[in-house]
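S.K.: I'd like to ask you about the structure that follows.
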Number of protein chains: 2
Amino acid sequence: MYKILVTGFSGFVSKHLLDHLDGRGMKSEVLGIDLNCPEYPYDHLEQLAVKFEKVDLLNFVKLRNAIHYFQPNHIIHLASYSSVGLSWKNPSLSFKNNMNIFLNLMEAVRELNLKCRVLSVGSSEEYGNVNEDKLPLGEECPLDPVSPYAVARVAQEQLSKVYCDGYGLDVVMTRSFNHIGVGQKEIFVIASFVKQLVEIKKGIKKERKLVVGDISIVRDFLDVRDVVDAYLRLLIHGEKGQVYNVCSGEGVSLREVIDIICGILGMRVEIEVDPSRVRPSDNKVIVGSNEKLKRTMGWNPKISLEESLKDIINYWSIAETGSLENGPHCA
Amino acid sequence: MYKILVTGFSGFVSKHLLDHLDGRGMKSEVLGIDLNCPEYPYDHLEQLAVKFEKVDLLNFVKLRNAIHYFQPNHIIHLASYSSVGLSWKNPSLSFKNNMNIFLNLMEAVRELNLKCRVLSVGSSEEYGNVNEDKLPLGEECPLDPVSPYAVARVAQEQLSKVYCDGYGLDVVMTRSFNHIGVGQKEIFVIASFVKQLVEIKKGIKKERKLVVGDISIVRDFLDVRDVVDAYLRLLIHGEKGQVYNVCSGEGVSLREVIDIICGILGMRVEIEVDPSRVRPSDNKVIVGSNEKLKRTMGWNPKISLEESLKDIINYWSIAETGSLENGPHCA
């Protein structure tokens, strides 16, 4: 029986993780913890016994107690203040809600002497600006973080290794590239684009312009359902102390993504650059290699970018009518 | 006129920094800040107007106010929970008192829009375990931290770069190797050895055994007076965004250091290994290259290891009689 603690439980990745666990028939007890209540339902999942507890991961005592009472054998650490843009606006907040929360989690596991595997989710932002001749980025590529968020993620990964080698804990690390999907908040770029374009199409947004930052940047987008498939494989079969890229292996510019969305919606749009959305330093091109994940975990991405975008468009089209707003689930 | 803010003001490096500034006739206003009062006198320094303010660097508002009222044009950030051993015992405390204090300092400078150079002191521990064929370590050597302390120091250095490149702040970074000297606390290895050996020699320590950790490890020791000489040169002439090793360029094992101390004291000693002093993972050999510092700053180390150890032996010999204990100076 899996007893899985999930941090960052209110996030959209967590929702898809539960769906995936349930869909695979993986009978599990799940304790979700988060500062905020999840806004999705989870009572209908047949294979899972899910509980939620409101825990601020910066509150060490409360976190340790939650872990102590639940006694998980697996932890998936999804919690993160994961916006690069916001990390430029508030580096301290970004650090506390990446680095310090992770430290608290690891210290709780260490103090409780828990036999437990931890999946530490990191970010492709750790790689920083690399020459295009180094693409796609393999796990051996040196890390050169260029934003406060990226520095915090590198520290999280390096600490994971320290906890493995120095304290004998069992941690598997990811460098997760941009993931997209249904339920992602609009502070993230693709959700922002789709929401704006759906609103323009429907006539809800009067100013018929798509407001963007730098759309020349190239990213590697992976559907969240493929992401959680990778996470569960790594949680069970990953090698202790190893780092795995989680990515599609394909690069696409934000401009191209806009074109695909407009194509699906059958519309054209004027683009307006908002300088406040252009970051001080940014990685121009991030494309990863997923060879290690494929080779060692038998994983393969199943959902194309077009399919993913269609689902997201559908989500925002319905969301605007209010029918997807279930409200917080703090049962 | 230099207006220099010094963090970690109660530490022994700060004392030597003031002596060096004064000896060089560098007329300066100095504001020292620290959680603890300095235990050395500073009223006698003729070229300096020195003030001390008790500030916890984790208290952002108090720190920002102190900087705002003083308006420094130079900051030397010496504050650090700089023990590798203690970082293994309390990684969270180590992180907060390296990473979070540094973030607060940089955020204060950024928020106040201060035209001010910052010297960010880092550590040779950032390099981690390297093959001996890579020695001496040059600044271009990849970083591979193996302790919680080292991870925090890498994050500090990477954040310094982010603040330079992303926010346009003026930061110069060091990777400082082990430094030793008069006034260093006995939680540090050389001070601990000398204090124990002086006590054995004097008959104060009844058990005539030197208690040690792993003494096969090789380190690069530099006298603190050469260290502060380097810091002041870098503070004034260092290149923004650059990292400089501060080291002697010579490796010596702890066993050899014990032999030198015993030679100076004219004694032999039995050695006892205390397993609690042996760390979970440790760098076997750390020796740096100081070529960049020499080439660009005209710096050269002036004090040999033997001379340094003689001064430290003299210090602990007198300290035992109580004559060096001046008590806190919180004027």
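Residues are referred to by chain and number: the chain letter is A, B, ... according to the order shown in the structure tokens, the number counts from 1 in that chain, and ligands are numbered separately from 1 in the order shown.
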List every residue of chain B that has an atom at most 8 Å from any atom of chain A, and for each one report the closest atom pair and its distance in Å to one decimal, counting only C-alpha atoms, with rows sorted by chain and then by increasing residue number, as CSV.
M.R.:
residue,atom,partner,partner_atom,distance
B:Pro91,CA,A:Leu103,CA,7.7
B:Ser92,CA,A:Leu103,CA,6.4
B:Asn100,CA,A:Ser92,CA,7.6
B:Leu103,CA,A:Ser92,CA,6.4
B:Asn104,CA,A:Ser92,CA,7.3
B:Glu107,CA,A:Ser92,CA,7.8
B:Pro145,CA,A:Gln158,CA,7.1
B:Val146,CA,A:Val162,CA,5.7
B:Ser147,CA,A:Val162,CA,5.9
B:Pro148,CA,A:Leu159,CA,6.5
B:Val151,CA,A:Ala155,CA,6.1
B:Ala152,CA,A:Ala155,CA,7.2
B:Val154,CA,A:Ala155,CA,7.7
B:Ala155,CA,A:Ala155,CA,6.0
B:Gln158,CA,A:Val151,CA,6.3
B:Leu159,CA,A:Val151,CA,6.5
B:Lys161,CA,A:Val146,CA,7.8
B:Val162,CA,A:Val146,CA,5.7
B:Asp165,CA,A:Ser281,CA,7.1
B:Gly166,CA,A:Pro280,CA,4.9
B:Tyr167,CA,A:Pro280,CA,6.9
B:Pro280,CA,A:Gly166,CA,4.9
B:Ser281,CA,A:Gly166,CA,5.5
S.K.: Need to verify the contact set: stretch 9-24 of chain A, 10 Å, only C-alpha atoms, exclusion of same-chain residues closer than 5 positions in sequence. Can you return it as a PyMOL selection string?
M.R.: chain A and resi 30-42+44-48+50+52-54+76-80+179-185+224-229+231-232+328-329
S.K.: May I have the residues within 12 Å of A:Glu140 as a PyMOL selection string, using only C-alpha atoms and disregarding those fewer than 4 positions away in the same chain?
M.R.: chain A and resi 127+134-136+175+242-245+288-289+292
S.K.: Could you take the residues named above and write them with N, CA and C atoms, as a PDB file, in the first residue's frame?
M.R.:
ATOM      1  N   TYR A 127      19.424  25.282 -15.582  1.00  0.00           N
ATOM      2  CA  TYR A 127      20.473  25.266 -16.601  1.00  0.00           C
ATOM      3  C   TYR A 127      20.956  26.666 -16.974  1.00  0.00           C
ATOM      4  N   LYS A 134      24.685  23.367 -27.347  1.00  0.00           N
ATOM      5  CA  LYS A 134      24.585  22.398 -26.238  1.00  0.00           C
ATOM      6  C   LYS A 134      23.186  21.776 -26.165  1.00  0.00           C
ATOM      7  N   LEU A 135      22.287  22.206 -27.029  1.00  0.00           N
ATOM      8  CA  LEU A 135      20.911  21.703 -26.975  1.00  0.00           C
ATOM      9  C   LEU A 135      20.785  20.384 -27.724  1.00  0.00           C
ATOM     10  N   PRO A 136      19.894  19.470 -27.353  1.00  0.00           N
ATOM     11  CA  PRO A 136      19.055  19.574 -26.156  1.00  0.00           C
ATOM     12  C   PRO A 136      19.879  19.320 -24.888  1.00  0.00           C
ATOM     13  N   ARG A 175      14.590  17.667 -13.023  1.00  0.00           N
ATOM     14  CA  ARG A 175      14.607  19.029 -13.567  1.00  0.00           C
ATOM     15  C   ARG A 175      13.431  19.059 -14.541  1.00  0.00           C
ATOM     16  N   GLN A 242      19.920  10.392  -8.098  1.00  0.00           N
ATOM     17  CA  GLN A 242      20.015  10.741  -9.519  1.00  0.00           C
ATOM     18  C   GLN A 242      19.064  11.891  -9.874  1.00  0.00           C
ATOM     19  N   VAL A 243      19.435  12.620 -10.929  1.00  0.00           N
ATOM     20  CA  VAL A 243      18.613  13.713 -11.449  1.00  0.00           C
ATOM     21  C   VAL A 243      18.076  13.320 -12.824  1.00  0.00           C
ATOM     22  N   TYR A 244      16.811  13.608 -13.074  1.00  0.00           N
ATOM     23  CA  TYR A 244      16.198  13.272 -14.365  1.00  0.00           C
ATOM     24  C   TYR A 244      15.502  14.492 -14.965  1.00  0.00           C
ATOM     25  N   ASN A 245      15.823  14.780 -16.215  1.00  0.00           N
ATOM     26  CA  ASN A 245      15.035  15.768 -16.951  1.00  0.00           C
ATOM     27  C   ASN A 245      13.629  15.224 -17.190  1.00  0.00           C
ATOM     28  N   GLY A 288      15.152  20.392 -23.569  1.00  0.00           N
ATOM     29  CA  GLY A 288      15.823  19.327 -22.832  1.00  0.00           C
ATOM     30  C   GLY A 288      15.913  18.023 -23.603  1.00  0.00           C
ATOM     31  N   SER A 289      16.797  17.171 -23.124  1.00  0.00           N
ATOM     32  CA  SER A 289      16.834  15.797 -23.621  1.00  0.00           C
ATOM     33  C   SER A 289      16.116  14.920 -22.595  1.00  0.00           C
ATOM     34  N   LYS A 292      17.350  10.023 -20.836  1.00  0.00           N
ATOM     35  CA  LYS A 292      17.596   9.268 -19.599  1.00  0.00           C
ATOM     36  C   LYS A 292      16.280   8.721 -19.024  1.00  0.00           C
TER      37      LYS A 292
END
S.K.: For a test of reading the model, state the distance in Å between atom CA of B:Thr7 and atom CA of B:Glu239, rounded to one decimal.
M.R.: 21.1 Å
S.K.: Name all residues at most 6 Å from A:Arg219 (count only C-alpha atoms; drop same-chain ones fewer than 4 positions away) and give them as an MDAnalysis selection string.
M.R.: chainID A and resid 251:252 286:287
S.K.: For those residues, write C-alpha atoms to a file as a compact mmCIF listing (two decimals), in the first residue's frame.
M.R.:
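File out.txt, as written:
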# COMPACT_ATOMS: atom_id res chain seq x y z
CA GLY A 251 11.57 23.34 -28.51
CA VAL A 252 8.90 25.81 -29.54
CA ILE A 286 15.54 25.91 -23.15
CA VAL A 287 15.08 22.49 -24.75
S.K.: Can you measure atom CA of B:Val121 to atom CA of B:Asn73 for me? One decimal in Å is fine.
M.R.: 17.1 Å
S.K.: Between atom CA of A:Ala49 and atom CA of A:Ser82, what is the distance in Å, rounded to a tenth?
M.R.: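 Going from atom CA of A:Ala49 over to atom CA of A:Ser82, I get 27.8 Å.
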S.K.: Hey, what does DSSP flag as strand (DSSP E) within stretch 55-255 of chain B? Can you give it to me as a ChimeraX atom specification?
M.R.: /B:74-77,117-123,170-176,179-180,209-212,218-219,222-223,243-246,252-253
S.K.: Would you pick out the contacts of B:Lys310 at 10 Å or less, using only C-alpha atoms, so that residues sharing its chain but fewer than 5 positions from it are not included, and give the list as a list of chain:residue names?
M.R.: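 Close residues of B:Lys310: B:Gly181, B:Val182, B:Val194, B:Ile260, B:Ile261, B:Ile264, B:Leu265, B:Ser304, B:Leu305, B:Tyr315.
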S.K.: Could you please take those selected residues and save N, CA and C atoms as an mmCIF file, in the first residue's frame?
M.R.:
data_model
loop_
_atom_site.group_PDB
_atom_site.id
_atom_site.type_symbol
_atom_site.label_atom_id
_atom_site.label_comp_id
_atom_site.auth_asym_id
_atom_site.auth_seq_id
_atom_site.Cartn_x
_atom_site.Cartn_y
_atom_site.Cartn_z
ATOM 1 N N GLY B 181 44.089 32.869 12.589
ATOM 2 C CA GLY B 181 44.725 34.037 13.183
ATOM 3 C C GLY B 181 44.299 34.254 14.617
ATOM 4 N N VAL B 182 44.862 35.297 15.167
ATOM 5 C CA VAL B 182 44.606 35.678 16.545
ATOM 6 C C VAL B 182 43.142 36.076 16.701
ATOM 7 N N VAL B 194 45.514 24.498 18.768
ATOM 8 C CA VAL B 194 46.480 25.312 19.516
ATOM 9 C C VAL B 194 46.033 25.435 20.974
ATOM 10 N N ILE B 260 53.833 21.055 13.252
ATOM 11 C CA ILE B 260 54.459 22.388 13.324
ATOM 12 C C ILE B 260 54.188 23.016 14.693
ATOM 13 N N ILE B 261 52.933 22.936 15.140
ATOM 14 C CA ILE B 261 52.586 23.535 16.445
ATOM 15 C C ILE B 261 53.401 22.865 17.562
ATOM 16 N N ILE B 264 56.948 24.089 17.525
ATOM 17 C CA ILE B 264 57.111 25.429 18.118
ATOM 18 C C ILE B 264 57.028 25.335 19.648
ATOM 19 N N LEU B 265 56.102 24.507 20.125
ATOM 20 C CA LEU B 265 55.912 24.379 21.586
ATOM 21 C C LEU B 265 56.947 23.449 22.224
ATOM 22 N N SER B 304 53.862 33.782 6.716
ATOM 23 C CA SER B 304 53.998 32.335 6.530
ATOM 24 C C SER B 304 53.137 31.590 7.544
ATOM 25 N N LEU B 305 52.886 30.319 7.264
ATOM 26 C CA LEU B 305 52.092 29.491 8.178
ATOM 27 C C LEU B 305 52.745 29.425 9.559
ATOM 28 N N TYR B 315 48.898 33.996 21.405
ATOM 29 C CA TYR B 315 47.562 34.473 21.787
ATOM 30 C C TYR B 315 46.910 33.548 22.808
#
S.K.: Using only C-alpha atoms, find the one residue out of B:Asn113, B:Asn314, B:Ser253, B:Asn65 that sits nearest to B:Val285.
M.R.: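 Residue with the minimum atom-to-atom distance to B:Val285: B:Ser253.
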S.K.: Excluding B:Lys3 and any residue of its chain fewer than 3 positions from it, enumerate the residues within 9 Å of it, using only C-alpha atoms, and give them as a VMD selection string.
M.R.: chain B and resid 28 to 31 70 to 75
S.K.: Pull N, CA and C atoms from the residues just selected and write them as a PDB file, in the first residue's frame.
M.R.:
ATOM      1  N   SER B  28      38.163  56.385   7.369  1.00  0.00           N
ATOM      2  CA  SER B  28      36.862  55.765   7.069  1.00  0.00           C
ATOM      3  C   SER B  28      35.888  55.930   8.224  1.00  0.00           C
ATOM      4  N   GLU B  29      34.627  56.009   7.826  1.00  0.00           N
ATOM      5  CA  GLU B  29      33.552  55.838   8.800  1.00  0.00           C
ATOM      6  C   GLU B  29      33.110  54.393   8.677  1.00  0.00           C
ATOM      7  N   VAL B  30      33.062  53.697   9.793  1.00  0.00           N
ATOM      8  CA  VAL B  30      32.671  52.290   9.748  1.00  0.00           C
ATOM      9  C   VAL B  30      31.446  52.074  10.630  1.00  0.00           C
ATOM     10  N   LEU B  31      30.424  51.417  10.053  1.00  0.00           N
ATOM     11  CA  LEU B  31      29.323  50.948  10.893  1.00  0.00           C
ATOM     12  C   LEU B  31      29.392  49.427  10.922  1.00  0.00           C
ATOM     13  N   PHE B  70      22.847  54.978   7.557  1.00  0.00           N
ATOM     14  CA  PHE B  70      24.307  55.091   7.432  1.00  0.00           C
ATOM     15  C   PHE B  70      24.727  55.474   6.012  1.00  0.00           C
ATOM     16  N   GLN B  71      23.965  55.046   4.997  1.00  0.00           N
ATOM     17  CA  GLN B  71      24.291  55.323   3.586  1.00  0.00           C
ATOM     18  C   GLN B  71      25.731  54.947   3.229  1.00  0.00           C
ATOM     19  N   PRO B  72      26.085  53.665   3.391  1.00  0.00           N
ATOM     20  CA  PRO B  72      27.452  53.243   3.072  1.00  0.00           C
ATOM     21  C   PRO B  72      27.727  53.337   1.570  1.00  0.00           C
ATOM     22  N   ASN B  73      28.999  53.574   1.213  1.00  0.00           N
ATOM     23  CA  ASN B  73      29.367  53.411  -0.198  1.00  0.00           C
ATOM     24  C   ASN B  73      30.096  52.088  -0.431  1.00  0.00           C
ATOM     25  N   HIS B  74      30.407  51.392   0.670  1.00  0.00           N
ATOM     26  CA  HIS B  74      31.014  50.063   0.579  1.00  0.00           C
ATOM     27  C   HIS B  74      30.418  49.166   1.662  1.00  0.00           C
ATOM     28  N   ILE B  75      30.176  47.905   1.297  1.00  0.00           N
ATOM     29  CA  ILE B  75      29.713  46.926   2.285  1.00  0.00           C
ATOM     30  C   ILE B  75      30.622  45.701   2.222  1.00  0.00           C
TER      31      ILE B  75
END
S.K.: Residues near B:Arg233, anyone? I mean within 10 Å using only C-alpha atoms, not counting same-chain ones fewer than 6 positions away, as a list of chain:residue names.
M.R.: B:Leu293, B:Thr296, B:Met297, B:Gly298, B:Trp299
S.K.: Those same residues, written as a PDB file, in the first residue's frame with N, CA and C atoms?
M.R.:
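The result, stored in again.pdb:
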ATOM      1  N   LEU B 293      44.075  36.729  -8.067  1.00  0.00           N
ATOM      2  CA  LEU B 293      44.182  37.788  -7.057  1.00  0.00           C
ATOM      3  C   LEU B 293      45.536  38.492  -7.158  1.00  0.00           C
ATOM      4  N   THR B 296      45.721  40.469 -10.694  1.00  0.00           N
ATOM      5  CA  THR B 296      44.844  41.629 -10.919  1.00  0.00           C
ATOM      6  C   THR B 296      44.876  42.636  -9.778  1.00  0.00           C
ATOM      7  N   MET B 297      45.250  42.215  -8.583  1.00  0.00           N
ATOM      8  CA  MET B 297      45.159  43.114  -7.420  1.00  0.00           C
ATOM      9  C   MET B 297      46.529  43.461  -6.838  1.00  0.00           C
ATOM     10  N   GLY B 298      47.599  42.915  -7.424  1.00  0.00           N
ATOM     11  CA  GLY B 298      48.928  43.187  -6.868  1.00  0.00           C
ATOM     12  C   GLY B 298      49.087  42.696  -5.441  1.00  0.00           C
ATOM     13  N   TRP B 299      48.259  41.717  -5.090  1.00  0.00           N
ATOM     14  CA  TRP B 299      48.295  41.164  -3.728  1.00  0.00           C
ATOM     15  C   TRP B 299      49.308  40.039  -3.637  1.00  0.00           C
TER      16      TRP B 299
END
S.K.: Check stretch 4-53 of chain A with DSSP on the backbone and list each residue it calls helix (DSSP H, G or I), as a list of chain:residue names.
M.R.: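 Put together, the selection reads A:Phe12, A:Val13, A:Ser14, A:Lys15, A:His16, A:Leu17, A:Leu18, A:Asp19, A:His20, A:Leu21, A:Asp22, A:Gly23.
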S.K.: Taking only C-alpha atoms into account, which of A:Ile200, A:Ile4, A:Ile217, A:Ile313 comes nearest A:Glu256?
M.R.: A:Ile217
